[in-house]
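A.B. asks: my_file-v5.txt (compact mmCIF, C-alpha atoms (C1' of nucleotides)) pasted underneath:
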# COMPACT_ATOMS: atom_id res chain seq x y z
CA MET A 1 0.00 0.00 0.00
CA GLU A 2 1.54 3.28 -1.18
CA PHE A 3 1.09 6.77 0.19
CA PRO A 4 -0.48 9.49 -1.96
CA VAL A 5 1.86 11.70 -3.96
CA GLU A 6 1.31 14.74 -1.78
CA ASN A 7 2.53 12.83 1.22
CA THR A 8 5.68 11.58 -0.39
CA ALA A 9 6.45 15.03 -1.78
CA ALA A 10 5.79 16.57 1.60
CA ALA A 11 7.96 13.96 3.27
CA ARG A 12 10.85 14.67 0.90
CA GLU A 13 10.56 18.37 1.53
CA GLU A 14 10.49 17.92 5.24
CA LEU A 15 13.51 15.65 5.09
CA GLU A 16 15.39 18.31 3.20
CA ARG A 17 14.18 21.12 5.42
CA GLU A 18 15.16 19.34 8.59
CA LEU A 19 18.55 18.27 7.33
CA VAL A 20 19.21 21.83 6.29
CA ALA A 21 18.21 22.96 9.77
CA ILE A 22 20.40 20.37 11.46
CA PHE A 23 23.48 21.23 9.46
CA SER A 24 22.92 24.98 9.68
CA ASP A 25 22.81 24.55 13.39
CA LEU A 26 25.96 22.46 13.48
CA ALA A 27 27.80 24.93 11.27
CA ASP A 28 26.82 27.71 13.60
CA LEU A 29 27.88 25.69 16.63
CA PHE A 30 31.34 25.33 15.17
CA GLY A 31 31.60 28.98 14.18
CA ASN A 32 30.86 28.62 10.49
CA PRO A 33 28.28 30.63 8.60
CA PRO A 34 24.94 28.84 8.90
CA SER A 35 24.40 29.16 5.15
CA HIS A 36 27.39 26.90 4.59
CA GLY A 37 25.78 24.28 6.77
CA ALA A 38 22.55 24.76 4.89
CA ILE A 39 24.26 24.10 1.58
CA TYR A 40 25.80 20.95 2.96
CA GLY A 41 22.36 19.95 4.24
CA VAL A 42 20.75 20.27 0.82
CA LEU A 43 23.48 18.21 -0.73
CA PHE A 44 23.29 15.66 2.04
CA ALA A 45 19.55 15.34 1.49
CA SER A 46 19.77 15.06 -2.26
CA GLU A 47 20.04 11.72 -4.01
CA THR A 48 21.63 13.33 -7.04
CA ALA A 49 24.44 15.82 -7.56
CA LEU A 50 23.15 19.40 -7.71
CA SER A 51 24.27 22.46 -9.64
CA MET A 52 24.81 25.79 -7.96
CA GLU A 53 21.66 27.06 -9.59
CA GLU A 54 19.59 24.31 -8.02
CA ILE A 55 21.09 24.95 -4.62
CA VAL A 56 20.37 28.67 -4.92
CA GLY A 57 16.81 27.83 -5.84
CA ARG A 58 16.15 25.42 -3.00
CA LEU A 59 17.66 27.55 -0.28
CA ALA A 60 16.67 30.96 -1.58
CA ILE A 61 20.16 32.33 -1.04
CA SER A 62 22.14 34.53 -3.38
CA LYS A 63 24.57 33.30 -6.00
CA GLY A 64 27.31 35.04 -4.08
CA SER A 65 26.60 33.18 -0.88
CA ALA A 66 26.30 29.91 -2.73
CA SER A 67 29.58 30.45 -4.54
CA GLN A 68 31.44 31.29 -1.36
CA GLY A 69 29.83 28.54 0.63
CA LEU A 70 30.57 25.93 -2.00
CA ARG A 71 34.17 27.00 -2.20
CA HIS A 72 34.54 26.90 1.55
CA LEU A 73 32.93 23.48 1.79
CA GLU A 74 35.14 22.14 -0.93
CA GLU A 75 38.30 23.48 0.70
CA PHE A 76 37.08 21.87 3.86
CA GLY A 77 36.74 18.58 2.06
CA ALA A 78 33.06 18.36 2.93
CA ILE A 79 31.75 18.28 -0.63
CA SER A 80 33.09 17.41 -4.04
CA ARG A 81 32.71 19.22 -7.32
CA THR A 82 32.51 17.42 -10.63
CA ARG A 83 31.88 18.36 -14.21
CA GLU A 84 30.52 15.97 -16.79
CA GLU A 85 32.19 15.82 -20.17
CA GLY A 86 30.92 18.78 -22.25
CA ASP A 87 28.84 20.47 -19.62
CA ARG A 88 28.89 24.08 -18.57
CA SER A 89 27.91 23.75 -14.98
CA HIS A 90 29.56 21.97 -12.10
CA LYS A 91 27.67 19.53 -9.96
CA TYR A 92 28.18 19.22 -6.24
CA THR A 93 27.76 16.26 -3.92
CA ALA A 94 28.11 15.93 -0.17
CA ARG A 95 30.88 13.74 1.07
CA LEU A 96 29.08 11.61 3.57
CA GLU A 97 32.04 10.66 5.73
CA LEU A 98 32.51 12.34 9.05
CA LYS A 99 36.26 12.48 8.79
CA PRO A 100 36.74 15.30 6.27
CA LEU A 101 34.20 17.45 8.05
CA LEU A 102 35.77 16.95 11.42
CA GLY A 103 39.30 17.14 10.10
CA GLY A 104 38.49 20.33 8.22
CA PHE A 105 37.10 21.87 11.33
CA LEU A 106 40.05 20.90 13.47
CA ARG A 107 42.54 22.05 10.88
CA THR A 108 40.99 25.39 10.10
CA ARG A 109 39.57 26.43 13.46
CA LEU A 110 41.14 24.73 16.40
CA VAL A 111 44.75 24.14 15.40
CA PRO A 112 45.57 27.72 14.36
CA ARG A 113 44.17 29.13 17.56
CA LEU A 114 45.93 26.61 19.71
CA SER A 115 49.27 27.38 18.19
CA ALA A 116 48.68 31.12 18.44
CA ASN A 117 48.03 30.62 22.11
CA ALA A 118 51.10 28.44 22.47
CA ASP A 119 53.17 31.34 21.21
CA ARG A 120 51.60 33.78 23.60
CA LEU A 121 52.15 31.42 26.48
CA SER A 122 55.84 30.98 25.83
CA ARG A 123 56.26 34.75 25.56
CA LEU A 124 54.54 35.08 28.91
CA ALA A 125 56.80 32.50 30.52
CA SER A 126 59.78 34.59 29.50
CA LEU A 127 58.22 37.51 31.35
CA LEU A 128 58.25 35.79 34.72
CA PRO A 129 61.72 36.91 35.87
CA ALA A 130 60.65 40.53 35.47
CA LEU A 131 57.90 40.16 38.05
CA PRO A 132 58.41 41.17 41.69
CA ALA A 133 59.49 38.23 43.79
CA THR A 134 56.23 38.28 45.75
CA SER A 135 53.94 37.76 42.81
CA ARG A 136 56.21 35.55 40.79
CA PRO A 137 55.22 32.24 42.37
CA THR A 138 51.50 32.81 41.83
CA ALA A 139 52.00 33.89 38.26
CA GLN A 140 54.21 30.92 37.63
CA VAL A 141 51.69 28.47 39.00
CA ARG A 142 48.93 29.95 36.87
CA LEU A 143 50.95 29.98 33.72
CA GLN A 144 51.89 26.39 34.32
CA ARG A 145 48.27 25.60 34.68
CA ILE A 146 47.18 27.02 31.37
CA THR A 147 50.16 25.47 29.73
CA LYS A 148 49.06 22.14 31.10
CA TRP A 149 45.53 22.65 29.75
CA HIS A 150 47.02 23.58 26.49
CA LYS A 151 49.18 20.48 26.31
CA ARG A 152 46.25 18.30 27.17
CA ALA A 153 44.15 19.86 24.46
CA SER A 154 46.96 19.26 22.01
CA THR A 155 47.33 15.60 22.88
CA PHE A 156 43.58 15.31 22.92
CA LEU A 157 43.02 16.53 19.39
CA PRO A 158 44.58 13.65 17.46
CA LEU A 159 42.86 11.27 19.82
CA ALA A 160 39.52 12.90 19.11
CA GLU A 161 40.13 12.67 15.43
CA LYS A 162 40.90 8.99 15.75
CA LEU A 163 37.87 8.26 17.90
CA LEU A 164 35.45 10.00 15.61
CA GLN A 165 36.95 8.72 12.44
CA GLY A 166 35.79 5.89 10.22
CA ASP A 167 32.84 6.53 7.89
CA MET B 1 69.42 41.56 41.62
CA GLU B 2 65.99 43.12 41.14
CA PHE B 3 64.45 44.74 38.07
CA PRO B 4 63.39 48.39 38.12
CA VAL B 5 59.81 49.16 39.12
CA GLU B 6 58.74 50.18 35.63
CA ASN B 7 59.69 46.81 34.34
CA THR B 8 57.82 44.85 36.94
CA ALA B 9 54.74 47.03 36.48
CA ALA B 10 54.97 46.63 32.75
CA ALA B 11 55.41 42.90 33.12
CA ARG B 12 52.32 42.62 35.30
CA GLU B 13 50.30 44.61 32.83
CA GLU B 14 51.45 42.54 29.93
CA LEU B 15 50.67 39.36 31.81
CA GLU B 16 47.16 40.59 32.39
CA ARG B 17 46.74 41.87 28.87
CA GLU B 18 47.86 38.62 27.32
CA LEU B 19 45.79 36.44 29.59
CA VAL B 20 42.78 38.57 28.76
CA ALA B 21 43.55 38.12 25.08
CA ILE B 22 43.97 34.37 25.40
CA PHE B 23 40.72 33.86 27.24
CA SER B 24 38.77 36.26 25.04
CA ASP B 25 39.93 34.25 22.12
CA LEU B 26 39.00 30.96 23.72
CA ALA B 27 35.56 32.26 24.68
CA ASP B 28 35.01 33.37 21.12
CA LEU B 29 36.20 30.02 19.79
CA PHE B 30 33.57 28.29 21.86
CA GLY B 31 30.81 30.67 20.88
CA ASN B 32 30.78 32.76 24.04
CA PRO B 33 30.97 36.54 24.12
CA PRO B 34 34.63 37.55 24.13
CA SER B 35 33.99 39.94 27.01
CA HIS B 36 33.13 36.98 29.20
CA GLY B 37 36.48 35.44 28.40
CA ALA B 38 38.13 38.77 29.09
CA ILE B 39 36.57 38.92 32.54
CA TYR B 40 37.78 35.44 33.29
CA GLY B 41 41.22 36.45 32.05
CA VAL B 42 41.46 39.40 34.43
CA LEU B 43 40.43 37.22 37.32
CA PHE B 44 42.82 34.51 36.27
CA ALA B 45 45.65 37.04 36.14
CA SER B 46 44.84 38.62 39.47
CA GLU B 47 46.41 37.41 42.70
CA THR B 48 43.55 38.81 44.73
CA ALA B 49 39.78 38.65 44.44
CA LEU B 50 38.38 41.60 42.51
CA SER B 51 35.17 43.58 42.77
CA MET B 52 33.01 44.28 39.77
CA GLU B 53 34.14 47.89 39.89
CA GLU B 54 37.77 46.88 39.57
CA ILE B 55 37.00 44.58 36.69
CA VAL B 56 35.06 47.30 34.89
CA GLY B 57 38.03 49.62 35.39
CA ARG B 58 40.67 47.25 34.13
CA LEU B 59 38.79 46.13 31.05
CA ALA B 60 37.04 49.37 30.18
CA ILE B 61 33.73 47.61 29.71
CA SER B 62 30.36 48.75 30.95
CA LYS B 63 28.84 47.78 34.26
CA GLY B 64 26.11 46.02 32.36
CA SER B 65 28.49 43.80 30.48
CA ALA B 66 30.44 43.06 33.61
CA SER B 67 27.32 42.14 35.53
CA GLN B 68 26.08 39.81 32.82
CA GLY B 69 29.46 38.30 32.19
CA LEU B 70 30.02 37.64 35.88
CA ARG B 71 26.64 36.01 36.22
CA HIS B 72 27.25 33.84 33.19
CA LEU B 73 30.68 32.81 34.39
CA GLU B 74 29.33 31.96 37.80
CA GLU B 75 26.49 29.88 36.36
CA PHE B 76 29.12 28.18 34.28
CA GLY B 77 31.09 27.41 37.40
CA ALA B 78 34.11 29.24 36.06
CA ILE B 79 34.38 31.82 38.82
CA SER B 80 33.21 32.14 42.38
CA ARG B 81 31.63 35.05 44.12
CA THR B 82 32.25 35.81 47.76
CA ARG B 83 31.30 38.53 50.12
CA GLU B 84 33.26 39.34 53.23
CA GLU B 85 31.36 39.83 56.46
CA GLY B 86 29.91 43.36 56.43
CA ASP B 87 30.91 44.37 52.95
CA ARG B 88 28.79 45.89 50.27
CA SER B 89 30.50 44.62 47.22
CA HIS B 90 31.07 41.09 46.06
CA LYS B 91 34.50 39.87 45.17
CA TYR B 92 35.15 37.47 42.35
CA THR B 93 37.88 34.92 41.82
CA ALA B 94 38.65 32.63 38.91
CA ARG B 95 38.31 28.96 39.52
CA LEU B 96 41.55 27.69 38.16
CA GLU B 97 40.47 24.14 37.43
CA LEU B 98 39.74 23.16 33.89
CA LYS B 99 36.86 20.92 34.79
CA PRO B 100 34.16 23.50 35.59
CA LEU B 101 35.03 25.48 32.50
CA LEU B 102 34.89 22.50 30.24
CA GLY B 103 31.89 21.00 31.96
CA GLY B 104 30.04 24.29 31.80
CA PHE B 105 30.72 24.57 28.15
CA LEU B 106 29.61 21.05 27.40
CA ARG B 107 26.51 21.39 29.51
CA THR B 108 25.34 24.72 28.19
CA ARG B 109 26.42 24.57 24.55
CA LEU B 110 26.91 21.11 23.26
CA VAL B 111 24.43 18.97 25.14
CA PRO B 112 21.32 21.05 24.39
CA ARG B 113 22.11 21.12 20.71
CA LEU B 114 22.85 17.45 20.58
CA SER B 115 19.58 16.55 22.17
CA ALA B 116 17.66 18.96 19.96
CA ASN B 117 19.20 17.23 16.98
CA ALA B 118 18.40 13.81 18.44
CA ASP B 119 14.74 14.82 18.50
CA ARG B 120 14.81 16.01 14.93
CA LEU B 121 16.50 12.84 13.82
CA SER B 122 13.96 10.56 15.38
CA ARG B 123 11.15 12.60 13.81
CA LEU B 124 12.85 12.19 10.47
CA ALA B 125 13.19 8.44 10.90
CA SER B 126 9.44 8.23 11.37
CA LEU B 127 9.06 9.97 8.03
CA LEU B 128 10.81 7.25 6.08
CA PRO B 129 7.77 5.08 5.30
CA ALA B 130 6.12 8.04 3.59
CA LEU B 131 8.91 8.27 1.03
CA PRO B 132 8.59 6.68 -2.42
CA ALA B 133 10.10 3.20 -2.50
CA THR B 134 12.84 4.33 -4.87
CA SER B 135 14.30 7.02 -2.64
CA ARG B 136 13.66 5.33 0.66
CA PRO B 137 16.86 3.26 0.77
CA THR B 138 19.12 6.26 0.13
CA ALA B 139 17.35 8.36 2.70
CA GLN B 140 17.52 5.58 5.18
CA VAL B 141 21.24 5.09 4.71
CA ARG B 142 21.88 8.79 5.14
CA LEU B 143 19.77 9.12 8.21
CA GLN B 144 21.53 6.16 9.71
CA ARG B 145 24.78 7.86 9.00
CA ILE B 146 24.00 11.05 10.85
CA THR B 147 22.49 9.06 13.63
CA LYS B 148 25.73 7.16 13.91
CA TRP B 149 27.72 10.40 14.04
CA HIS B 150 25.37 11.63 16.62
CA LYS B 151 25.75 8.56 18.79
CA ARG B 152 29.48 8.77 18.54
CA ALA B 153 29.47 12.37 19.60
CA SER B 154 27.28 11.42 22.54
CA THR B 155 29.55 8.64 23.71
CA PHE B 156 32.50 10.87 23.06
CA LEU B 157 31.41 13.69 25.31
CA PRO B 158 31.70 11.97 28.68
CA LEU B 159 34.98 10.51 27.56
CA ALA B 160 36.26 13.95 26.65
CA GLU B 161 35.21 15.28 30.00
CA LYS B 162 37.06 12.48 31.73
CA LEU B 163 40.21 12.88 29.68
CA LEU B 164 40.44 16.61 30.25
CA GLN B 165 39.52 16.49 33.87
CA GLY B 166 41.73 16.72 36.93
CA ASP B 167 42.95 20.19 38.01
C1' DT C 1 34.37 36.77 -33.21
C1' DT C 2 30.42 37.30 -30.62
C1' DT C 3 27.15 35.58 -27.53
C1' DT C 4 25.79 33.17 -23.68
C1' DC C 5 26.01 30.94 -19.60
C1' DA C 6 28.56 29.51 -15.00
C1' DG C 7 30.99 31.11 -11.49
C1' DT C 8 33.61 34.69 -8.81
C1' DT C 9 34.52 39.02 -6.62
C1' DC C 10 33.76 42.60 -3.73
C1' DA C 11 31.51 47.07 -2.26
C1' DT C 12 27.29 47.67 -0.04
C1' DT C 13 23.45 46.24 2.86
C1' DT C 14 21.43 43.51 6.24
C1' DT C 15 21.13 41.10 10.36
C1' DG C 16 21.77 39.70 14.79
C1' DA C 17 24.73 39.35 18.69
C1' DA C 18 27.26 42.05 22.03
C1' DT C 19 27.51 46.09 24.46
C1' DT C 20 26.02 50.12 26.59
C1' DG C 21 23.93 53.04 30.07
C1' DA C 22 19.97 54.94 32.25
C1' DA C 23 16.38 53.31 35.10
C1' DT C 24 15.41 50.15 38.53
C1' DA C 25 16.16 47.04 42.30
C1' DT C 26 18.67 45.33 46.19
C1' DT C 27 21.35 45.53 50.29
C1' DC C 28 23.82 47.55 53.62
C1' DG C 29 24.72 50.99 57.62
C1' DC C 30 22.72 54.52 60.08
C1' DG D 1 12.36 54.06 58.30
C1' DC D 2 16.18 56.84 55.19
C1' DG D 3 20.20 57.53 52.28
C1' DA D 4 24.18 55.62 50.05
C1' DA D 5 26.61 52.16 47.71
C1' DT D 6 26.33 48.20 44.79
C1' DA D 7 24.22 45.29 41.40
C1' DT D 8 20.78 44.02 37.77
C1' DT D 9 17.74 44.74 33.97
C1' DC D 10 16.52 45.79 29.50
C1' DA D 11 15.55 48.97 25.60
C1' DA D 12 18.48 51.26 22.52
C1' DT D 13 22.79 51.35 20.16
C1' DT D 14 26.90 49.64 18.14
C1' DC D 15 29.48 46.80 15.44
C1' DA D 16 31.17 42.85 13.05
C1' DA D 17 29.98 38.96 10.42
C1' DA D 18 27.11 37.29 6.83
C1' DA D 19 24.45 37.91 2.82
C1' DT D 20 23.41 40.32 -1.25
C1' DG D 21 23.68 41.47 -6.06
C1' DA D 22 25.75 44.04 -9.73
C1' DA D 23 29.88 43.97 -12.20
C1' DC D 24 33.29 41.14 -13.77
C1' DT D 25 35.98 36.95 -15.61
C1' DG D 26 36.54 33.00 -18.20
C1' DA D 27 35.16 29.40 -20.99
C1' DA D 28 32.27 26.97 -24.20
C1' DA D 29 28.86 27.26 -28.21
C1' DA D 30 27.40 29.32 -32.25
For the structure just supplied, provide its representation as structure tokens.

C.D. replies:
Amino acid sequence: MEFPVENTAAAREELERELVAIFSDLADLFGNPPSHGAIYGVLFASETALSMEEIVGRLAISKGSASQGLRHLEEFGAISRTREEGDRSHKYTARLELKPLLGGFLRTRLVPRLSANADRLSRLASLLPALPATSRPTAQVRLQRITKWHKRASTFLPLAEKLLQGD
Amino acid sequence: MEFPVENTAAAREELERELVAIFSDLADLFGNPPSHGAIYGVLFASETALSMEEIVGRLAISKGSASQGLRHLEEFGAISRTREEGDRSHKYTARLELKPLLGGFLRTRLVPRLSANADRLSRLASLLPALPATSRPTAQVRLQRITKWHKRASTFLPLAEKLLQGD
DNA sequence: TTTTCAGTTCATTTTGAATTGAATATTCGC
DNA sequence: GCGAATATTCAATTCAAAATGAACTGAAAA
């Protein structure tokens, strides 16, 4: 027993809408523009590769946003771009594996910040001798503490990548 | 052999300035207002408990921001508020342990989103039978895939908390 | 070559989060 | 109670990030 056409069409739309919402939300959570998540969501929901035009249509975003978002997602390794022999437009598909998404996030967001902070911390450590003897111990203890956090985060990252990887 | 006063004063200021920068940056990275990180940074840098007034002075932020930031940080468990016997103003100190910070972040940012997404996913799963037979398998596979990611993230969270905990 | 279509760029606009600060509330000593 | 000091609230403002869209580039078709 099949469902009427309206229902299946409605179901497809809702699937797309919700996936777009989920990925917009995730993008936002990780500090990316929600529209980029939305684009990934549409591609994730689609059974076929989509052109930029189709994406623009389904999401009601501008060509500019779509272009930038697609580029970003591709750099990230979250989607792939293909062009059929003798065809003007590119087609885009979502890479379904978690690894490129996660790896892209770690590489572009977390790692740069962590290393920037590592630099700052080592500069601060070199400042310690210049502090008055009374406050030096406290400062030293606190710096050690952040440094420890920092080290843990650094050792934690590859572990996280490993744990979340596969598929 | 001691350093001249200017140097030690300058060193203290730089210590504070850099710690403020580091924590602002971290707050921002995790989707919190940078000013909240800045407040934590000042407290982290200070050897003594500070009043709101002092914090406002050192950061050149408004009373309103300070009040909100302090409340947020306290809810988070990142700082503690004390009041000496017979004293109008509260004093604030940074909790130096990583655990409350991390736990607060997980609890307030990650967990709510994850469970919101869990709801959406289960709603979507119930939509599957309404899809046309041809697209059902694809949709099913994809939903399973996000669900799997989601489960992994959920099992990963407590593990992360455990790994980063202690001090 | 010229035209047409896909995609990019980037100056401008929009949007929403963060911040402000005046009004309000609370809490203390007197 | 009153007045003074401290803290909170929230409507208005500010500001930065995101989105837009017109102008542009390049590449394929005619």

A.B. asks: Please report as JSON lines every residue of chain C lying within 12 Å of segment 87-101 of chain A, along with the nearest atom pair and their distance in Å (one decimal), using all atoms listed in the file.

C.D. replies:
{"residue": "C:DT4", "atom": "C1'", "partner": "A:Arg88", "partner_atom": "CA", "distance": 10.9}
{"residue": "C:DC5", "atom": "C1'", "partner": "A:Arg88", "partner_atom": "CA", "distance": 7.5}
{"residue": "C:DA6", "atom": "C1'", "partner": "A:Ser89", "partner_atom": "CA", "distance": 5.8}
{"residue": "C:DG7", "atom": "C1'", "partner": "A:Ser89", "partner_atom": "CA", "distance": 8.7}

A.B. asks: Residues of chain C within 8 Å of chain B, counting all atoms listed in the file - could you list those as a PyMOL selection string?

C.D. replies: chain C and resi 18-21+27-28

A.B. asks: What is the atom CA of Ala139 of chain A-atom CA of Asn7 of chain B distance in Å, reported with one decimal?

C.D. replies: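 It comes out at 15.5 Å.
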
A.B. asks: Find the residues of chain D in contact range of chain A, meaning any atom within 10 Å when counting all atoms listed in the file, and list them as a tab-separated table (two decimals) with C-alpha atoms (C1' of nucleotides), keeping the file's coordinate frame.

C.D. replies:
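File written: result-v2.tsv
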chain	number	residue	atom	x	y	z
D	17	DA	C1'	29.98	38.96	10.42
D	18	DA	C1'	27.11	37.29	6.83
D	19	DA	C1'	24.45	37.91	2.82
D	20	DT	C1'	23.41	40.32	-1.25
D	21	DG	C1'	23.68	41.47	-6.06
D	27	DA	C1'	35.16	29.40	-20.99
D	28	DA	C1'	32.27	26.97	-24.20

A.B. asks: Would you please work out which residue, of A:Gly77, A:Gly69, A:Pro132, A:Gly41, is nearest to chain B when using all atoms listed in the file?

C.D. replies: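 Using all atoms listed in the file, the shortest distance to chain B belongs to A:Pro132.
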
A.B. asks: At a cut-off of 6 Å, can you tabulate as a Markdown table every residue of chain A near chain B together with its closest atom pair and the distance in Å to one decimal, using all atoms listed in the file and ordering rows by chain then number?

C.D. replies:
| residue | atom | partner | partner_atom | distance |
| --- | --- | --- | --- | --- |
| A:Thr8 | CA | B:Leu131 | CA | 4.8 |
| A:Ala130 | CA | B:Thr8 | CA | 5.4 |
| A:Leu131 | CA | B:Thr8 | CA | 4.8 |

A.B. asks: For Gly104 of chain A, which of A:Glu85, A:Glu161, A:Asp119, A:Glu53 is the closest residue, counting all atoms listed in the file?

C.D. replies: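 Checking each candidate against Gly104 of chain A, we get A:Glu161 as the closest.
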
A.B. asks: Rounded to one decimal place, report the atom CA of Glu84 of chain B-atom CA of Thr134 of chain A distance in Å.

C.D. replies: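 Distance between the two atoms: 24.2 Å.
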
A.B. asks: Could you tell me which of B:Thr82, B:Arg71, B:Arg17, B:Arg58 comes closest to DT8 of chain D if we count only C-alpha atoms (C1' of nucleotides)?

C.D. replies: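 Residue with the minimum atom-to-atom distance to DT8 of chain D: B:Arg71.
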
A.B. asks: Expressed in Å to a single decimal, how great is the separation between atom CA of Phe76 of chain A and atom CA of Val42 of chain A?

C.D. replies: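 Straight-line distance from atom CA of Phe76 of chain A to atom CA of Val42 of chain A works out to 16.7 Å.
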
A.B. asks: Step by step: locate segment 15-30 of chain C in the block above, keep N, CA and C atoms (P, O5', C5', C4', C3', O3' and C1' of nucleotides), then write the file as a short mmCIF file (atom, residue, chain, number, x, y, z; two decimals), in the first residue's frame.

C.D. replies:
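Final output, saved to selection.cif:
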data_model
loop_
_atom_site.label_atom_id
_atom_site.label_comp_id
_atom_site.auth_asym_id
_atom_site.auth_seq_id
_atom_site.Cartn_x
_atom_site.Cartn_y
_atom_site.Cartn_z
P DT C 15 17.44 42.13 6.78
"O5'" DT C 15 18.36 41.44 7.89
"C5'" DT C 15 19.25 40.41 7.49
"C4'" DT C 15 19.98 39.91 8.72
"C3'" DT C 15 19.12 39.90 9.97
"O3'" DT C 15 19.26 38.63 10.56
"C1'" DT C 15 21.13 41.10 10.36
P DG C 16 18.29 38.11 11.68
"O5'" DG C 16 19.32 37.95 12.87
"C5'" DG C 16 20.56 37.30 12.61
"C4'" DG C 16 21.50 37.64 13.73
"C3'" DG C 16 20.86 37.60 15.13
"O3'" DG C 16 21.85 37.13 16.01
"C1'" DG C 16 21.77 39.70 14.79
P DA C 17 21.50 36.31 17.30
"O5'" DA C 17 22.90 36.24 18.06
"C5'" DA C 17 24.11 36.19 17.32
"C4'" DA C 17 25.09 37.17 17.91
"C3'" DA C 17 25.15 37.14 19.42
"O3'" DA C 17 26.51 37.16 19.78
"C1'" DA C 17 24.73 39.35 18.69
P DA C 18 26.97 36.98 21.26
"O5'" DA C 18 27.52 38.43 21.62
"C5'" DA C 18 28.49 39.02 20.77
"C4'" DA C 18 28.76 40.43 21.23
"C3'" DA C 18 28.99 40.59 22.72
"O3'" DA C 18 30.14 41.40 22.87
"C1'" DA C 18 27.26 42.05 22.03
P DT C 19 30.73 41.78 24.24
"O5'" DT C 19 30.16 43.24 24.46
"C5'" DT C 19 30.41 44.23 23.45
"C4'" DT C 19 29.64 45.48 23.79
"C3'" DT C 19 29.77 45.95 25.24
"O3'" DT C 19 30.50 47.18 25.22
"C1'" DT C 19 27.51 46.09 24.46
P DT C 20 30.84 47.92 26.57
"O5'" DT C 20 29.63 48.95 26.63
"C5'" DT C 20 29.41 49.79 25.52
"C4'" DT C 20 28.12 50.56 25.68
"C3'" DT C 20 28.02 51.38 26.96
"O3'" DT C 20 27.86 52.74 26.59
"C1'" DT C 20 26.02 50.12 26.59
P DG C 21 28.29 53.88 27.64
"O5'" DG C 21 26.91 54.19 28.36
"C5'" DG C 21 25.79 54.51 27.57
"C4'" DG C 21 24.55 54.60 28.45
"C3'" DG C 21 24.81 55.16 29.86
"O3'" DG C 21 23.63 55.83 30.27
"C1'" DG C 21 23.93 53.04 30.07
P DA C 22 23.71 57.27 30.88
"O5'" DA C 22 22.17 57.62 31.07
"C5'" DA C 22 21.23 57.30 30.02
"C4'" DA C 22 20.00 56.64 30.63
"C3'" DA C 22 19.56 57.25 31.96
"O3'" DA C 22 18.14 57.32 31.97
"C1'" DA C 22 19.97 54.94 32.25
P DA C 23 17.34 57.86 33.23
"O5'" DA C 23 16.56 56.55 33.73
"C5'" DA C 23 15.78 55.82 32.79
"C4'" DA C 23 15.26 54.57 33.48
"C3'" DA C 23 14.58 54.83 34.83
"O3'" DA C 23 13.43 54.00 34.92
"C1'" DA C 23 16.38 53.31 35.10
P DT C 24 12.54 53.95 36.22
"O5'" DT C 24 13.06 52.62 36.94
"C5'" DT C 24 13.00 51.38 36.23
"C4'" DT C 24 13.60 50.32 37.13
"C3'" DT C 24 13.05 50.31 38.55
"O3'" DT C 24 12.42 49.05 38.77
"C1'" DT C 24 15.41 50.15 38.53
P DA C 25 11.78 48.74 40.21
"O5'" DA C 25 12.93 47.86 40.85
"C5'" DA C 25 13.40 46.72 40.15
"C4'" DA C 25 14.52 46.10 40.95
"C3'" DA C 25 14.17 45.79 42.40
"O3'" DA C 25 14.56 44.46 42.65
"C1'" DA C 25 16.16 47.04 42.30
P DT C 26 14.14 43.73 43.98
"O5'" DT C 26 15.51 43.76 44.80
"C5'" DT C 26 16.65 43.13 44.24
"C4'" DT C 26 17.87 43.49 45.06
"C3'" DT C 26 17.74 43.19 46.55
"O3'" DT C 26 18.78 42.30 46.88
"C1'" DT C 26 18.67 45.33 46.19
P DT C 27 18.72 41.47 48.27
"O5'" DT C 27 19.90 42.17 49.09
"C5'" DT C 27 21.11 42.55 48.41
"C4'" DT C 27 21.90 43.49 49.31
"C3'" DT C 27 21.68 43.27 50.80
"O3'" DT C 27 22.94 43.28 51.44
"C1'" DT C 27 21.35 45.53 50.29
P DC C 28 23.12 42.48 52.85
"O5'" DC C 28 23.64 43.66 53.80
"C5'" DC C 28 24.98 44.10 53.67
"C4'" DC C 28 25.05 45.60 53.83
"C3'" DC C 28 24.86 46.09 55.24
"O3'" DC C 28 26.13 46.12 55.90
"C1'" DC C 28 23.82 47.55 53.62
P DG C 29 26.21 46.26 57.49
"O5'" DG C 29 26.17 47.84 57.68
"C5'" DG C 29 27.22 48.64 57.11
"C4'" DG C 29 26.88 50.11 57.30
"C3'" DG C 29 26.74 50.53 58.76
"O3'" DG C 29 27.34 51.81 58.95
"C1'" DG C 29 24.72 50.99 57.62
P DC C 30 27.59 52.30 60.37
"O5'" DC C 30 26.41 53.35 60.56
"C5'" DC C 30 26.29 54.46 59.65
"C4'" DC C 30 24.94 55.10 59.83
"C3'" DC C 30 24.58 55.41 61.29
"O3'" DC C 30 24.66 56.81 61.52
"C1'" DC C 30 22.72 54.52 60.08
#
